[in-house]
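Heads up, the thing below is written out as structure tokens.
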Amino acid sequence: MNFDFSEDQEMLRNEVRKFLEARCKPTRVRSVLEDADRDHDDELWQELVAQGWTAMTLPEEHGGLGMSRTDLCVLAEELGRVLAPVPFASTVYLLAEALMIAGTRTQREKLNAIATGKCIGCLAISEGPGEPDFDRVQARVAGGKLTGTKLPVIDGMIATDALVLAKDGNGETRLFLVALHHETVRRDALGTIDPSRGLARISFDNTPVEPIGEPGLVDRLLDGAAVLLAFEQVGGADRALEQAVEFVKERHAFGRPVGSYQAIKHKLADAFVNNQIARSNAYYGIWALDAGSNELPQAAAAARVSACQAFWYSARESIQAHGGIGFTWEADQHLFYRRALALNMAVGSPGVWRDRLFTAVERIVCEGEALEVA
């Protein structure tokens, strides 16, 4: 059994890395942070669209390339390495997935716009600080009109369409598809630790909406997004560690490379182990996602928890390894730390996913015990 990427996928990785290293240098990410009027790089976004990346997993009848999600995770990892300031995850991992899984024929027409970059998505499930509570959703839909407020919404200021979690007329919590250009929608920018992934408060006042999928669709979407985001996090964690290793080999203290000191070795070795654990769990997750396995909930939770830990730890230790310059604005290490913290909250915090992992494992154990009794 082969647990690695295929030769074609490695070729894809090489080409994607060459492109991103040339087109998305740290200075480009930094330029978004330094411009208060920008929360993404639209020029880079259009370049990715031109490369066909937004169309990678879309059906061919909707202008897509019909490739697998495993191919997509190769792309996700490379986007994570360069901290690409684009709404790729919100659009491809969430909106496009929802449309492909549960969209009606009319709704799926939006896939053509995603392929050409004219449609940008966002997921609006939170209604304030803290963890999303699906049992206490305040947004309501009555007569096909949505009323309520969602915040924070990643990429909410630039999105054209949103997946909004709200209660329907029967009191069931489900997702609705909303066109954000409607006059009854109000958007306000929010401050964030990572300005290259902007946040918004979105208010709806009798806004026309369409239901999409069944009530359980949101869990399936979050599982899939958790796996793909895990690859972004692994990519970022690996690059942060690489930068730390490069620096401690060159920096000298008391006549020796900093990296020769045991305290530094141990910290970076721990980061390497965390990254490898996260990568292993991410592989398990993408297998479950691509195979449509019923193991996806626990695989996604394991990938999410380990990837959050790995990226945060590597980014933190990279700052420490760089010593006095590591925490300065001029150094690039804070860019990774910002993105690590932002992605930790993208589809729910690590604490939420630990609970989901415990629940999934407990269910497996109970099912196994039931079989033994039978």
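In the structure tokens, each chain is lettered A, B, ... as it comes, each chain's residues begin at 1, and ligands are numbered from 1 in order of appearance.
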
Would you give me, as a tab-separated table, each residue of stretch 19-128 of chain A having an atom within 12 Å of an atom of stretch 158-171 of chain A, along with its shortest atom pair and that distance in Å to one decimal, using only C-alpha atoms and sorting by chain and residue number?
residue	atom	partner	partner_atom	distance
A:Asp37	CA	A:Ile158	CA	11.9
A:Arg38	CA	A:Ile158	CA	10.0
A:Asp39	CA	A:Ile158	CA	8.4
A:His40	CA	A:Ile158	CA	8.6
A:Asp41	CA	A:Ile158	CA	10.9
A:Asp42	CA	A:Ile158	CA	9.8
A:Trp45	CA	A:Ile158	CA	11.8
A:Val86	CA	A:Ile158	CA	10.2
A:Pro87	CA	A:Ala159	CA	8.3
A:Phe88	CA	A:Ala159	CA	11.0
A:Ala89	CA	A:Ala159	CA	11.9
A:Ser90	CA	A:Ala159	CA	8.7
A:Thr91	CA	A:Ala159	CA	8.4
A:Leu94	CA	A:Leu163	CA	8.3
A:Leu95	CA	A:Leu163	CA	6.9
A:Ala96	CA	A:Leu163	CA	10.4
A:Glu97	CA	A:Leu163	CA	11.0
A:Ala98	CA	A:Leu163	CA	8.5
A:Leu99	CA	A:Leu163	CA	10.0
A:Gly103	CA	A:Leu163	CA	11.6
A:Gln107	CA	A:Asp161	CA	11.2
A:Lys110	CA	A:Asp161	CA	9.4
A:Leu111	CA	A:Asp161	CA	11.6
A:Ala113	CA	A:Thr160	CA	10.3
A:Ile114	CA	A:Thr160	CA	10.3
A:Gly117	CA	A:Thr160	CA	10.6
A:Lys118	CA	A:Thr160	CA	8.2
A:Cys119	CA	A:Thr160	CA	5.8
A:Ile120	CA	A:Ala159	CA	4.7
A:Gly121	CA	A:Ala159	CA	5.0
A:Cys122	CA	A:Ala162	CA	4.9
A:Leu123	CA	A:Leu163	CA	4.9
A:Ala124	CA	A:Val164	CA	4.7
A:Ile125	CA	A:Leu165	CA	5.0
A:Ser126	CA	A:Leu165	CA	8.2
A:Glu127	CA	A:Leu165	CA	9.7

Extract the full set of alpha helix (DSSP H) residues from stretch 189-331 of chain A according to DSSP on the backbone, and format it as a PyMOL selection string. chain A and resi 217-250+262-291+296-321

Would you export the selected residues with C-alpha atoms as a CSV table (one decimal), in the first residue's frame, please?
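In the end it all went to part16.csv:
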chain,number,residue,atom,x,y,z
A,217,LEU,CA,-24.4,19.5,5.6
A,218,VAL,CA,-22.5,21.9,7.8
A,219,ASP,CA,-20.8,19.0,9.7
A,220,ARG,CA,-19.7,17.4,6.4
A,221,LEU,CA,-18.4,20.7,5.1
A,222,LEU,CA,-16.4,21.4,8.3
A,223,ASP,CA,-14.8,18.0,8.2
A,224,GLY,CA,-13.7,18.4,4.6
A,225,ALA,CA,-12.4,22.0,5.2
A,226,ALA,CA,-10.6,20.8,8.4
A,227,VAL,CA,-8.6,18.3,6.3
A,228,LEU,CA,-7.7,20.7,3.6
A,229,LEU,CA,-6.8,23.4,6.0
A,230,ALA,CA,-4.6,20.9,7.8
A,231,PHE,CA,-2.5,20.7,4.7
A,232,GLU,CA,-2.2,24.5,4.6
A,233,GLN,CA,-1.1,24.4,8.2
A,234,VAL,CA,1.4,21.6,7.6
A,235,GLY,CA,2.9,23.7,4.8
A,236,GLY,CA,3.2,26.7,7.0
A,237,ALA,CA,4.6,24.7,9.8
A,238,ASP,CA,7.2,23.1,7.6
A,239,ARG,CA,8.3,26.5,6.2
A,240,ALA,CA,8.5,28.1,9.6
A,241,LEU,CA,10.7,25.3,10.8
A,242,GLU,CA,12.9,25.5,7.7
A,243,GLN,CA,13.5,29.2,8.3
A,244,ALA,CA,14.4,28.5,12.0
A,245,VAL,CA,16.9,25.7,11.0
A,246,GLU,CA,18.5,27.9,8.3
A,247,PHE,CA,19.0,30.7,10.8
A,248,VAL,CA,20.5,28.8,13.7
A,249,LYS,CA,23.0,27.2,11.3
A,250,GLU,CA,24.2,30.6,10.3
A,262,GLN,CA,21.2,21.4,22.9
A,263,ALA,CA,18.3,23.6,24.0
A,264,ILE,CA,17.8,24.8,20.5
A,265,LYS,CA,18.2,21.3,19.0
A,266,HIS,CA,15.5,20.0,21.3
A,267,LYS,CA,13.0,22.7,20.5
A,268,LEU,CA,13.4,22.3,16.8
A,269,ALA,CA,13.3,18.5,17.1
A,270,ASP,CA,10.0,18.8,18.9
A,271,ALA,CA,8.7,21.0,16.1
A,272,PHE,CA,9.8,18.5,13.5
A,273,VAL,CA,8.0,15.7,15.4
A,274,ASN,CA,4.8,17.8,15.7
A,275,ASN,CA,5.0,18.5,11.9
A,276,GLN,CA,5.4,14.8,11.1
A,277,ILE,CA,2.5,13.8,13.3
A,278,ALA,CA,0.3,16.5,11.7
A,279,ARG,CA,1.3,15.3,8.2
A,280,SER,CA,0.5,11.7,9.0
A,281,ASN,CA,-3.0,12.7,10.3
A,282,ALA,CA,-3.5,15.0,7.3
A,283,TYR,CA,-2.8,12.0,5.0
A,284,TYR,CA,-5.4,9.9,6.9
A,285,GLY,CA,-7.9,12.7,6.6
A,286,ILE,CA,-7.5,13.2,2.8
A,287,TRP,CA,-7.8,9.4,2.3
A,288,ALA,CA,-11.1,9.4,4.3
A,289,LEU,CA,-12.3,12.5,2.4
A,290,ASP,CA,-11.4,11.3,-1.1
A,291,ALA,CA,-12.7,7.7,-0.4
A,296,LEU,CA,-14.0,11.0,8.0
A,297,PRO,CA,-15.2,12.6,11.3
A,298,GLN,CA,-12.4,11.2,13.4
A,299,ALA,CA,-9.9,11.5,10.6
A,300,ALA,CA,-10.8,15.2,10.1
A,301,ALA,CA,-10.7,15.9,13.9
A,302,ALA,CA,-7.3,14.2,14.3
A,303,ALA,CA,-5.9,16.2,11.3
A,304,ARG,CA,-7.3,19.5,12.6
A,305,VAL,CA,-6.0,19.1,16.2
A,306,SER,CA,-2.5,18.0,15.2
A,307,ALA,CA,-2.2,20.6,12.5
A,308,CYS,CA,-3.2,23.4,14.7
A,309,GLN,CA,-0.7,22.3,17.3
A,310,ALA,CA,2.1,21.8,14.8
A,311,PHE,CA,1.7,25.2,13.0
A,312,TRP,CA,1.4,27.2,16.2
A,313,TYR,CA,4.4,25.5,17.8
A,314,SER,CA,6.6,25.8,14.7
A,315,ALA,CA,5.7,29.5,14.2
A,316,ARG,CA,6.4,30.2,17.9
A,317,GLU,CA,9.7,28.4,18.1
A,318,SER,CA,10.8,30.0,14.8
A,319,ILE,CA,10.4,33.4,16.5
A,320,GLN,CA,12.3,32.2,19.5
A,321,ALA,CA,15.1,30.6,17.4

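Of note, atom CA of A:Ala342 and atom CA of A:Arg197 are spaced 7.9 Å apart.
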
Residues near A:Met11, anyone? I mean within 12 Å using only C-alpha atoms, not counting same-chain ones fewer than 5 positions away, as a PyMOL selection string. chain A and resi 5-6+16-18+71+74-75

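Here atom CA of A:Val137 stands at a distance of 7.4 Å from atom CA of A:Thr173.
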
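Nearest to A:Val29 of all the residues A:Arg356, A:Lys150, A:Arg186, A:His334 is A:His334, based on only C-alpha atoms.
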
What is the distance between atom CA of A:Leu151 and atom CA of A:Thr104, in Å to one decimal? 27.1 Å

List every residue of stretch 201-325 of chain A that DSSP, applied to the backbone of this structure, places in strand (DSSP E or B), and write the result as a PDB file with N, CA and C atoms, in the first residue's frame.
ATOM      1  N   ARG A 201     -18.239  41.673   9.829  1.00  0.00           N
ATOM      2  CA  ARG A 201     -19.555  41.486  10.437  1.00  0.00           C
ATOM      3  C   ARG A 201     -20.572  41.652   9.311  1.00  0.00           C
ATOM      4  N   ILE A 202     -21.435  40.658   9.119  1.00  0.00           N
ATOM      5  CA  ILE A 202     -22.422  40.722   8.046  1.00  0.00           C
ATOM      6  C   ILE A 202     -23.816  40.685   8.665  1.00  0.00           C
ATOM      7  N   SER A 203     -24.612  41.711   8.358  1.00  0.00           N
ATOM      8  CA  SER A 203     -25.972  41.803   8.879  1.00  0.00           C
ATOM      9  C   SER A 203     -26.970  41.630   7.738  1.00  0.00           C
ATOM     10  N   PHE A 204     -28.011  40.854   8.012  1.00  0.00           N
ATOM     11  CA  PHE A 204     -29.050  40.567   7.022  1.00  0.00           C
ATOM     12  C   PHE A 204     -30.390  41.091   7.530  1.00  0.00           C
ATOM     13  N   ASP A 205     -31.128  41.751   6.663  1.00  0.00           N
ATOM     14  CA  ASP A 205     -32.428  42.304   7.024  1.00  0.00           C
ATOM     15  C   ASP A 205     -33.446  41.921   5.955  1.00  0.00           C
ATOM     16  N   ASN A 206     -34.093  40.780   6.177  1.00  0.00           N
ATOM     17  CA  ASN A 206     -35.041  40.239   5.187  1.00  0.00           C
ATOM     18  C   ASN A 206     -34.369  40.035   3.832  1.00  0.00           C
ATOM     19  N   THR A 207     -33.225  39.381   3.880  1.00  0.00           N
ATOM     20  CA  THR A 207     -32.441  39.119   2.675  1.00  0.00           C
ATOM     21  C   THR A 207     -32.900  37.815   2.023  1.00  0.00           C
ATOM     22  N   PRO A 208     -33.150  37.818   0.712  1.00  0.00           N
ATOM     23  CA  PRO A 208     -33.562  36.581   0.032  1.00  0.00           C
ATOM     24  C   PRO A 208     -32.481  35.507   0.120  1.00  0.00           C
ATOM     25  N   GLU A 210     -31.637  30.932  -0.244  1.00  0.00           N
ATOM     26  CA  GLU A 210     -32.063  29.612  -0.712  1.00  0.00           C
ATOM     27  C   GLU A 210     -31.466  28.552   0.202  1.00  0.00           C
ATOM     28  N   PRO A 211     -32.259  27.581   0.641  1.00  0.00           N
ATOM     29  CA  PRO A 211     -31.672  26.493   1.432  1.00  0.00           C
ATOM     30  C   PRO A 211     -30.758  25.650   0.553  1.00  0.00           C
ATOM     31  N   HIS A 252      25.908  32.722  14.910  1.00  0.00           N
ATOM     32  CA  HIS A 252      26.901  32.235  15.871  1.00  0.00           C
ATOM     33  C   HIS A 252      26.784  32.976  17.207  1.00  0.00           C
ATOM     34  N   ALA A 253      27.040  32.253  18.280  1.00  0.00           N
ATOM     35  CA  ALA A 253      27.108  32.827  19.615  1.00  0.00           C
ATOM     36  C   ALA A 253      28.220  32.126  20.387  1.00  0.00           C
ATOM     37  N   ARG A 256      30.201  29.568  18.325  1.00  0.00           N
ATOM     38  CA  ARG A 256      29.556  28.344  17.821  1.00  0.00           C
ATOM     39  C   ARG A 256      28.238  28.692  17.138  1.00  0.00           C
ATOM     40  N   PRO A 257      27.826  27.893  16.148  1.00  0.00           N
ATOM     41  CA  PRO A 257      26.483  28.095  15.580  1.00  0.00           C
ATOM     42  C   PRO A 257      25.425  27.925  16.671  1.00  0.00           C
TER      43      PRO A 257
END

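Each of A:Tyr261, A:Trp353, A:Phe358, A:Phe19 was compared to A:Val82 using only C-alpha atoms, and A:Phe19 turns out to be the nearest.
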
Applying 12 Å and only C-alpha atoms, which residues near A:Ala36 remain after dropping the ones on its own chain fewer than 6 positions away? List them as a list of chain:residue names. A:Arg30, A:Ala189, A:Leu190, A:Gly191, A:Thr192, A:Asp194, A:Pro195, A:Ser196, A:Gly198

How would the residues just chosen look if you wrote them out with C-alpha atoms as a compact mmCIF listing (two decimals), in the first residue's frame?
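Wrote out-v9.txt, looks like this:
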# COMPACT_ATOMS: atom_id res chain seq x y z
CA ARG A 30 3.63 41.94 4.02
CA ALA A 189 -14.74 45.18 8.51
CA LEU A 190 -13.40 43.80 11.81
CA GLY A 191 -9.90 43.92 13.21
CA THR A 192 -7.90 40.69 13.10
CA ASP A 194 -3.90 38.40 10.43
CA PRO A 195 -5.05 41.24 8.15
CA SER A 196 -4.18 39.13 5.07
CA GLY A 198 -9.86 39.78 6.54

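If you measure from each of A:His322, A:Arg69, A:Gly144, A:Val153 to A:Asp188 using only C-alpha atoms, the closest one turns out to be A:Val153.
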